[in-house]
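**Student:** File data02.cif follows (mmCIF, C-alpha atoms):
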```cif
data_structure
#
loop_
_atom_site.label_atom_id
_atom_site.label_comp_id
_atom_site.auth_asym_id
_atom_site.auth_seq_id
_atom_site.Cartn_x
_atom_site.Cartn_y
_atom_site.Cartn_z
CA MET A 1 7.03 10.11 -3.74
CA SER A 2 10.39 10.22 -5.48
CA HIS A 3 10.82 7.84 -8.39
CA SER A 4 14.33 6.63 -9.19
CA THR A 5 15.76 5.85 -12.61
CA ASP A 6 17.77 3.09 -10.94
CA THR A 7 15.24 0.28 -10.65
CA SER A 8 17.83 -2.46 -10.25
CA LEU A 9 16.44 -3.82 -6.97
CA GLY A 10 12.90 -3.94 -8.30
CA GLN A 11 14.05 -5.51 -11.56
CA LYS A 12 16.12 -8.13 -9.74
CA VAL A 13 13.22 -9.07 -7.46
CA SER A 14 10.81 -9.34 -10.40
CA ALA A 15 13.26 -11.56 -12.28
CA LEU A 16 13.49 -13.94 -9.30
CA LEU A 17 9.78 -14.18 -8.46
CA THR A 18 8.20 -17.64 -8.45
CA THR A 19 4.87 -16.49 -6.98
CA ARG A 20 1.55 -16.61 -8.77
CA THR A 21 0.16 -13.31 -7.49
CA LEU A 22 2.26 -11.61 -4.79
CA GLY A 23 4.60 -9.06 -6.28
CA ARG A 24 2.66 -9.05 -9.53
CA PRO A 25 2.80 -6.18 -10.21
CA LEU A 26 5.75 -4.89 -8.19
CA HIS A 27 6.21 -1.12 -8.04
CA TYR A 28 9.69 0.02 -7.00
CA VAL A 29 10.64 3.52 -5.85
CA HIS A 30 13.88 4.67 -4.29
CA THR A 31 12.43 7.04 -1.70
CA VAL A 32 8.90 7.23 -0.35
CA THR A 33 7.23 8.49 2.81
CA SER A 34 5.88 5.02 3.61
CA THR A 35 5.15 2.02 1.42
CA ASN A 36 2.01 1.36 3.49
CA THR A 37 0.74 4.85 2.71
CA ILE A 38 0.99 4.40 -1.05
CA ALA A 39 -0.31 0.84 -0.83
CA MET A 40 -3.37 2.09 1.08
CA GLU A 41 -3.92 4.70 -1.63
CA ALA A 42 -3.69 1.97 -4.27
CA ALA A 43 -6.10 -0.24 -2.30
CA GLN A 44 -8.64 2.58 -2.29
CA LEU A 45 -8.34 2.64 -6.09
CA ASP A 46 -9.08 -1.12 -6.28
CA ALA A 47 -5.52 -2.34 -6.87
CA PRO A 48 -5.62 -6.11 -7.49
CA HIS A 49 -4.51 -8.75 -5.00
CA GLY A 50 -0.74 -9.07 -4.81
CA THR A 51 0.08 -5.52 -5.91
CA SER A 52 3.30 -4.67 -4.08
CA PHE A 53 5.32 -1.55 -3.34
CA LEU A 54 9.05 -1.73 -2.57
CA ALA A 55 11.29 1.16 -1.50
CA ASP A 56 14.98 1.54 -0.70
CA TYR A 57 14.23 4.23 1.83
CA GLN A 58 11.21 5.45 3.79
CA THR A 59 11.24 8.98 5.17
CA ASN A 60 8.29 8.32 7.47
CA GLY A 61 8.00 4.56 7.92
CA TYR A 62 5.83 3.44 10.81
CA GLY A 63 4.86 0.29 12.66
CA ARG A 64 2.32 -0.85 15.23
CA ARG A 65 0.98 1.77 17.66
CA GLY A 66 2.26 4.54 15.36
CA ARG A 67 5.89 3.90 16.21
CA LEU A 68 8.55 5.15 13.81
CA TRP A 69 10.24 2.40 11.76
CA GLN A 70 13.86 3.38 11.18
CA ALA A 71 15.75 1.61 8.40
CA ALA A 72 19.01 2.66 6.75
CA GLU A 73 18.85 3.56 3.08
CA GLY A 74 19.58 0.81 0.58
CA GLN A 75 20.37 -1.85 3.20
CA ASN A 76 17.06 -3.43 4.13
CA LEU A 77 13.69 -4.49 2.75
CA THR A 78 10.68 -2.24 3.24
CA PHE A 79 7.60 -3.17 1.25
CA SER A 80 3.82 -3.39 1.37
CA ILE A 81 1.31 -5.66 -0.34
CA VAL A 82 -2.36 -5.17 -1.19
CA LEU A 83 -4.29 -8.31 -0.26
CA HIS A 84 -7.75 -9.59 -1.13
CA LEU A 85 -8.00 -12.79 0.89
CA PRO A 86 -10.86 -15.33 0.80
CA ILE A 87 -11.16 -15.44 4.58
CA SER A 88 -13.82 -14.52 7.12
CA GLY A 89 -13.60 -11.55 9.43
CA THR A 90 -12.75 -13.75 12.40
CA ILE A 91 -9.60 -14.99 10.65
CA THR A 92 -8.36 -11.51 9.69
CA GLY A 93 -6.49 -11.22 13.00
CA MET A 94 -4.41 -14.20 11.95
CA VAL A 95 -3.05 -12.43 8.84
CA PRO A 96 -0.15 -10.57 10.54
CA LEU A 97 0.69 -13.70 12.53
CA ALA A 98 0.72 -15.81 9.37
CA ALA A 99 2.90 -13.17 7.74
CA ALA A 100 5.36 -13.25 10.63
CA LEU A 101 5.47 -17.04 10.38
CA ALA A 102 6.13 -16.87 6.63
CA VAL A 103 8.96 -14.33 6.96
CA SER A 104 10.55 -16.28 9.81
CA GLU A 105 10.53 -19.46 7.73
CA ALA A 106 12.04 -17.58 4.79
CA ILE A 107 14.93 -16.18 6.81
CA ALA A 108 15.50 -19.40 8.75
CA LYS A 109 17.43 -20.81 5.81
CA THR A 110 19.86 -17.89 6.01
CA VAL A 111 20.61 -17.76 9.75
CA PRO A 112 21.53 -21.31 10.93
CA PRO A 113 22.18 -22.34 13.63
CA ASN A 114 20.02 -19.48 14.88
CA ASN A 115 16.29 -20.09 14.98
CA PRO A 116 13.96 -17.13 14.46
CA GLN A 117 11.51 -16.62 17.30
CA LEU A 118 8.05 -15.08 16.97
CA LYS A 119 6.96 -12.49 19.50
CA TRP A 120 3.20 -12.07 19.57
CA PRO A 121 1.59 -10.69 17.61
CA ASN A 122 3.92 -10.13 14.66
CA ASP A 123 7.55 -9.40 15.54
CA ILE A 124 10.44 -11.67 14.56
CA LEU A 125 13.46 -11.95 16.83
CA LEU A 126 16.97 -13.26 16.30
CA GLU A 127 19.21 -13.69 19.34
CA GLY A 128 16.52 -11.88 21.32
CA ARG A 129 16.53 -8.78 19.12
CA LYS A 130 14.00 -7.57 16.59
CA VAL A 131 14.86 -8.25 12.95
CA CYS A 132 11.46 -7.73 11.37
CA GLY A 133 8.25 -5.86 12.06
CA ILE A 134 4.86 -6.25 10.38
CA LEU A 135 1.90 -3.88 10.15
CA LEU A 136 -1.60 -4.72 8.94
CA GLN A 137 -4.01 -1.96 7.89
CA SER A 138 -7.50 -2.08 6.44
CA LEU A 139 -10.00 0.28 4.83
CA GLY A 140 -12.40 0.52 7.74
CA ALA A 141 -14.34 -2.46 9.06
CA GLN A 142 -14.40 -4.47 5.84
CA VAL A 143 -12.21 -7.55 5.56
CA ASN A 144 -10.87 -6.76 2.08
CA PRO A 145 -8.76 -5.20 0.85
CA ILE A 146 -6.05 -5.10 3.51
CA VAL A 147 -2.48 -3.84 3.30
CA LEU A 148 0.40 -5.79 4.76
CA GLY A 149 3.57 -3.83 5.47
CA ILE A 150 6.90 -5.53 6.21
CA GLY A 151 10.20 -4.10 7.38
CA LEU A 152 13.08 -6.59 7.41
CA ASN A 153 16.54 -5.58 8.59
CA VAL A 154 18.87 -7.24 6.09
CA ASN A 155 22.30 -5.62 5.74
CA GLN A 156 22.17 -2.80 8.29
CA SER A 157 25.33 -2.91 10.42
CA THR A 158 24.58 -0.19 13.00
CA PHE A 159 21.46 1.17 14.65
CA PRO A 160 20.66 4.39 16.50
CA PRO A 161 21.59 4.29 20.21
CA GLU A 162 17.96 3.91 21.26
CA LEU A 163 17.68 0.74 19.14
CA SER A 164 21.14 -0.76 19.56
CA ASP A 165 20.06 -3.13 22.34
CA SER A 166 16.76 -4.17 20.77
CA ALA A 167 17.34 -4.37 17.00
CA THR A 168 19.48 -6.57 14.78
CA SER A 169 19.86 -7.58 11.14
CA LEU A 170 20.59 -10.70 9.11
CA LEU A 171 24.09 -9.29 8.51
CA LEU A 172 24.80 -8.83 12.22
CA VAL A 173 23.59 -12.34 13.03
CA THR A 174 25.33 -14.18 10.21
CA GLY A 175 28.33 -11.95 9.59
CA GLN A 176 27.57 -12.15 5.89
CA HIS A 177 25.98 -9.83 3.35
CA VAL A 178 22.56 -11.10 2.22
CA ASP A 179 21.23 -10.52 -1.29
CA ARG A 180 18.09 -8.45 -0.81
CA ALA A 181 16.43 -9.39 -4.09
CA SER A 182 16.75 -13.12 -3.41
CA MET A 183 15.52 -12.64 0.14
CA MET A 184 12.45 -10.70 -0.95
CA ALA A 185 11.58 -13.23 -3.64
CA SER A 186 11.79 -15.96 -0.98
CA VAL A 187 9.70 -13.96 1.50
CA LEU A 188 6.97 -13.35 -1.09
CA LEU A 189 6.81 -17.04 -1.97
CA HIS A 190 6.55 -18.07 1.69
CA LEU A 191 3.90 -15.39 2.23
CA GLU A 192 1.83 -16.62 -0.70
CA LYS A 193 1.88 -20.20 0.56
CA THR A 194 1.19 -19.38 4.21
CA LEU A 195 -1.57 -16.84 3.54
CA GLY A 196 -3.14 -19.41 1.23
CA LEU A 197 -3.32 -21.83 4.15
CA LEU A 198 -5.44 -19.38 6.13
CA SER A 199 -8.41 -20.21 3.90
CA THR A 200 -7.79 -23.96 3.72
CA ASP A 201 -6.10 -24.99 6.99
CA PRO A 202 -5.87 -22.15 9.54
CA ALA A 203 -5.28 -24.67 12.33
CA LEU A 204 -1.99 -25.66 10.68
CA VAL A 205 -0.92 -22.02 10.54
CA ARG A 206 -1.64 -21.65 14.27
CA LYS A 207 0.27 -24.84 15.02
CA ARG A 208 3.35 -23.73 13.09
CA TYR A 209 3.17 -20.24 14.57
CA THR A 210 2.87 -21.52 18.14
CA LYS A 211 5.83 -23.87 17.63
CA ASN A 212 8.18 -20.87 17.40
CA LEU A 213 6.21 -18.49 19.62
CA MET A 214 8.40 -16.97 22.30
CA GLY A 215 7.34 -17.56 25.89
CA VAL A 216 4.89 -20.43 25.57
CA GLY A 217 4.57 -21.92 29.05
CA ASP A 218 6.29 -18.91 30.65
CA ASN A 219 4.99 -16.03 32.71
CA CYS A 220 4.35 -12.83 30.80
CA GLN A 221 2.62 -9.51 31.27
CA ILE A 222 0.37 -7.52 29.00
CA THR A 223 0.41 -3.74 29.23
CA GLY A 224 -1.42 -1.03 27.34
CA VAL A 225 -4.90 -1.98 28.43
CA ASN A 226 -6.67 -0.56 31.49
CA GLU A 227 -4.84 -3.05 33.64
CA LYS A 228 -1.65 -5.01 33.76
CA ILE A 229 -2.38 -8.67 33.09
CA ILE A 230 0.09 -11.27 34.28
CA GLY A 231 -0.24 -14.93 33.43
CA THR A 232 1.18 -17.97 31.71
CA LEU A 233 1.25 -17.82 27.93
CA ILE A 234 -0.76 -20.77 26.63
CA GLY A 235 -0.98 -20.09 22.90
CA ILE A 236 -3.26 -18.35 20.41
CA GLU A 237 -6.87 -18.88 19.41
CA GLU A 238 -8.51 -18.93 15.97
CA SER A 239 -8.74 -15.14 15.78
CA GLY A 240 -5.02 -14.69 16.48
CA ALA A 241 -5.69 -13.50 20.02
CA LEU A 242 -3.32 -14.52 22.80
CA ILE A 243 -4.47 -16.94 25.49
CA LEU A 244 -3.17 -16.42 29.02
CA GLU A 245 -3.80 -18.53 32.10
CA THR A 246 -4.14 -16.09 34.98
CA SER A 247 -4.98 -16.42 38.65
CA LYS A 248 -8.58 -15.59 37.69
CA GLY A 249 -8.79 -18.08 34.85
CA LEU A 250 -8.14 -17.98 31.12
CA ARG A 251 -7.94 -14.55 29.48
CA THR A 252 -8.09 -13.74 25.77
CA ILE A 253 -5.95 -10.79 24.69
CA TYR A 254 -6.42 -9.05 21.35
CA ALA A 255 -3.49 -7.24 19.74
CA GLY A 256 -4.82 -3.68 19.35
CA ASP A 257 -2.72 -1.28 21.39
CA VAL A 258 -1.20 -3.74 23.85
CA SER A 259 2.34 -5.00 24.27
CA LEU A 260 3.71 -8.28 25.53
CA ASP A 261 6.74 -8.69 27.77
CA MET A 262 8.14 -11.59 29.69
CA ALA A 263 7.42 -11.21 33.41
CA ASP A 264 10.05 -11.47 36.10
CA ASN A 265 9.79 -14.80 37.83
#
```
Represent the structure from my file as structure tokens, please.
**Tutor:**
Amino acid sequence: MSHSTDTSLGQKVSALLTTRTLGRPLHYVHTVTSTNTIAMEAAQLDAPHGTSFLADYQTNGYGRRGRLWQAAEGQNLTFSIVLHLPISGTITGMVPLAAALAVSEAIAKTVPPNNPQLKWPNDILLEGRKVCGILLQSLGAQVNPIVLGIGLNVNQSTFPPELSDSATSLLLVTGQHVDRASMMASVLLHLEKTLGLLSTDPALVRKRYTKNLMGVGDNCQITGVNEKIIGTLIGIEESGALILETSKGLRTIYAGDVSLDMADN
């Protein structure tokens, strides 16, 4: 891990925070292998709830299913948070969905008239392209602590050829530079409020998530399991699992190592 003497981004975020716990403390480094890696190490050492790690550049960032997360240096937001949440094990699957909802509501104020869409389980799309990815990791089977990693494309103007058709940024959508410190402070506040709802009103979180869930009522297909499942996307259940209506009845799909795509009609 390479520490930088220039902590301006971290200092700016800390100065703008209005949260009670998330981002307190906030550890900023310029370059790191992965913020999730160092957050997991901190979680193993009993880091308190809300401890956050922010980096300008990740040399080995990763997302769901071990995929590489590529983000240009100094242009985006890549951070991870240690969480100790007062929720049951059955609700843990809702954490990445709630996080996606929170981030989408935070960026919605920046991208009008565009409306962020949620792609199950935890991707955020703008104009049909991915602007944010979320990764949840835990220390074995226990509910707490868990580490929530977020990669938000903010001011990146170009992407590698293999991502040019599937990725976007707030800059590309709005045509305007977005202040990263203000955006992160807003994201953390929305996260704190939405994750808090998981313990008091999880049904409301599901309702808000489903409202902006891409493909509700449409045909979709699930791949990555031992079969290809095609059906109509109905919504999500209490655990965060996807509900499909198939020719053989309702099916419940858990995130794991599966992917969701819209089916050809």
**Student:** Using only C-alpha atoms, tabulate the residues of stretch 103-207 of chain A lying at most 9 Å from any atom of stretch 12-36 of chain A, each with its closest atom pair and that distance in Å to one decimal, by chain and increasing residue number, as a tab-separated table.
**Tutor:**
```
residue	atom	partner	partner_atom	distance
A:Leu135	CA	A:Asn36	CA	8.5
A:Leu136	CA	A:Asn36	CA	8.9
A:Gln137	CA	A:Asn36	CA	8.2
A:Val147	CA	A:Asn36	CA	6.9
A:Leu148	CA	A:Asn36	CA	7.4
A:Gly149	CA	A:Asn36	CA	5.8
A:Ile150	CA	A:Asn36	CA	8.9
A:Arg180	CA	A:Val13	CA	8.3
A:Ala181	CA	A:Val13	CA	4.7
A:Ser182	CA	A:Val13	CA	6.7
A:Met183	CA	A:Val13	CA	8.7
A:Met184	CA	A:Val13	CA	6.8
A:Ala185	CA	A:Leu17	CA	5.2
A:Ser186	CA	A:Leu17	CA	7.9
A:Leu188	CA	A:Leu22	CA	6.2
A:Leu189	CA	A:Thr19	CA	5.4
A:His190	CA	A:Thr19	CA	9.0
A:Leu191	CA	A:Leu22	CA	8.1
A:Glu192	CA	A:Leu22	CA	6.5
A:Lys193	CA	A:Thr19	CA	8.9
```
**Student:** Residue by residue, what does the PyMOL selection byres ((chain A and resi 78) around 8) grab here? Present the result as a list in words.
**Tutor:**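 Applying the PyMOL selection byres ((chain A and resi 78) around 8) to the structure shown produces Thr35, Leu54, Ala55, Asp56, Tyr57, Gln58, Asn76, Leu77, Phe79, Ser80, Gly149, Ile150, Gly151 and Leu152 of chain A.
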**Student:** If the PyMOL selection byres ((chain A and resi 41) around 12) were run on this exact file, what residues would it hold? Put them as JSON, numbers by chain.
**Tutor:** {"A": [34, 35, 36, 37, 38, 39, 40, 42, 43, 44, 45, 46, 47, 51, 53, 80, 81, 82, 137, 138, 139, 145, 146, 147]}
**Student:** Here is a test: counting all atoms listed in the file, which residue of A:Gln75, A:Ser52, A:Gln176, A:Asn226 is nearest to A:Gln156?
**Tutor:**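 Answer, going by the shortest atom-to-atom distance: A:Gln75.
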**Student:** Rank A:Pro86, A:Gly50, A:Gly196, A:Gly133 by their smallest atom-to-atom distance to A:Val103, using only C-alpha atoms, and report the top residue only.
**Tutor:**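 Going through A:Pro86, A:Gly50, A:Gly196, A:Gly133 one by one, the smallest distance to A:Val103 is for A:Gly133.
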**Student:** Could you check the closest approach to A:Asn155 for each of A:Gly240, A:Gly215, A:Gly175, A:Pro112 and tell me which residue wins, using all atoms listed in the file?
**Tutor:**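 For A:Asn155, the nearest of the given residues is A:Gly175.
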**Student:** Around all the atoms of stretch 161-179 of chain A listed in the file, draw an axis-aligned box and extend it by 4 Å on each of the six sides; I want its centre and edge lengths in Å to one decimal, as JSON.
**Tutor:**
```
{"center_x": 22.5, "center_y": -4.9, "center_z": 10.5, "size_x": 19.6, "size_y": 26.5, "size_z": 31.6}
```
**Student:** How many Å lie between atom CA of A:Met94 and atom CA of A:Gly10, rounded to one decimal?
**Tutor:**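 Rounded to one decimal, the two atoms are 28.5 Å apart.
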**Student:** Could you write out as a ChimeraX atom specification the residues that the PyMOL selection byres ((chain A and resi 104-108) around 8) matches in the shown file?
**Tutor:** /A:100-103,109-112,114-118,124,183,186-187,190
**Student:** Of the candidates A:Ala203, A:Ile230, A:Ala255, A:Leu171, which one gets nearest to A:Lys119 if we count all atoms listed in the file?
**Tutor:**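 Of all the options, A:Ala255 lies closest to A:Lys119.
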**Student:** Near A:Ser166, counting only C-alpha atoms, which residues have an atom at most 12 Å away, once you skip same-chain residues fewer than 4 positions from it, shown as a PyMOL selection string?
**Tutor:** chain A and resi 123-132+158-162
**Student:** Store the residues picked out above in a file with C-alpha atoms, as a PDB file, in the frame of the given file.
**Tutor:**
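As written to disk, again-v4.pdb reads:
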```pdb
ATOM      1  CA  ASP A 123       7.550  -9.400  15.540  1.00  0.00           C
ATOM      2  CA  ILE A 124      10.440 -11.670  14.560  1.00  0.00           C
ATOM      3  CA  LEU A 125      13.460 -11.950  16.830  1.00  0.00           C
ATOM      4  CA  LEU A 126      16.970 -13.260  16.300  1.00  0.00           C
ATOM      5  CA  GLU A 127      19.210 -13.690  19.340  1.00  0.00           C
ATOM      6  CA  GLY A 128      16.520 -11.880  21.320  1.00  0.00           C
ATOM      7  CA  ARG A 129      16.530  -8.780  19.120  1.00  0.00           C
ATOM      8  CA  LYS A 130      14.000  -7.570  16.590  1.00  0.00           C
ATOM      9  CA  VAL A 131      14.860  -8.250  12.950  1.00  0.00           C
ATOM     10  CA  CYS A 132      11.460  -7.730  11.370  1.00  0.00           C
ATOM     11  CA  THR A 158      24.580  -0.190  13.000  1.00  0.00           C
ATOM     12  CA  PHE A 159      21.460   1.170  14.650  1.00  0.00           C
ATOM     13  CA  PRO A 160      20.660   4.390  16.500  1.00  0.00           C
ATOM     14  CA  PRO A 161      21.590   4.290  20.210  1.00  0.00           C
ATOM     15  CA  GLU A 162      17.960   3.910  21.260  1.00  0.00           C
TER      16      GLU A 162
END
```
**Student:** So the first atom is atom CA of A:Gly224 and the second is atom CA of A:Val258; what is the distance between them in Å, to one decimal place?
**Tutor:**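 Value for the atom CA of A:Gly224-atom CA of A:Val258 distance: 4.4 Å.
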**Student:** So which one's closest to A:Gln221, A:Met262, A:Ile253, A:Leu244, A:Leu195? Using only C-alpha atoms, please.
**Tutor:** A:Met262
**Student:** When you draw a straight line from atom CA of A:Leu170 to atom CA of A:Arg206, how long is it in Å?
**Tutor:**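 Separating atom CA of A:Leu170 from atom CA of A:Arg206 is a distance of 25.3 Å.
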**Student:** Using only C-alpha atoms, determine which residues lie at most 6 Å from stretch 87-90 of chain A, disregarding the query and same-chain residues fewer than 3 positions distant; provide the list as a list in words.
**Tutor:**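 These residues fall inside the cut-off: Val143, Ser199 and Ser239 of chain A.
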**Student:** Using the selection just defined, write its residues with C-alpha atoms as a PDB file, in the coordinates of the input.
**Tutor:**
```
ATOM      1  CA  VAL A 143     -12.210  -7.550   5.560  1.00  0.00           C
ATOM      2  CA  SER A 199      -8.410 -20.210   3.900  1.00  0.00           C
ATOM      3  CA  SER A 239      -8.740 -15.140  15.780  1.00  0.00           C
TER       4      SER A 239
END
```
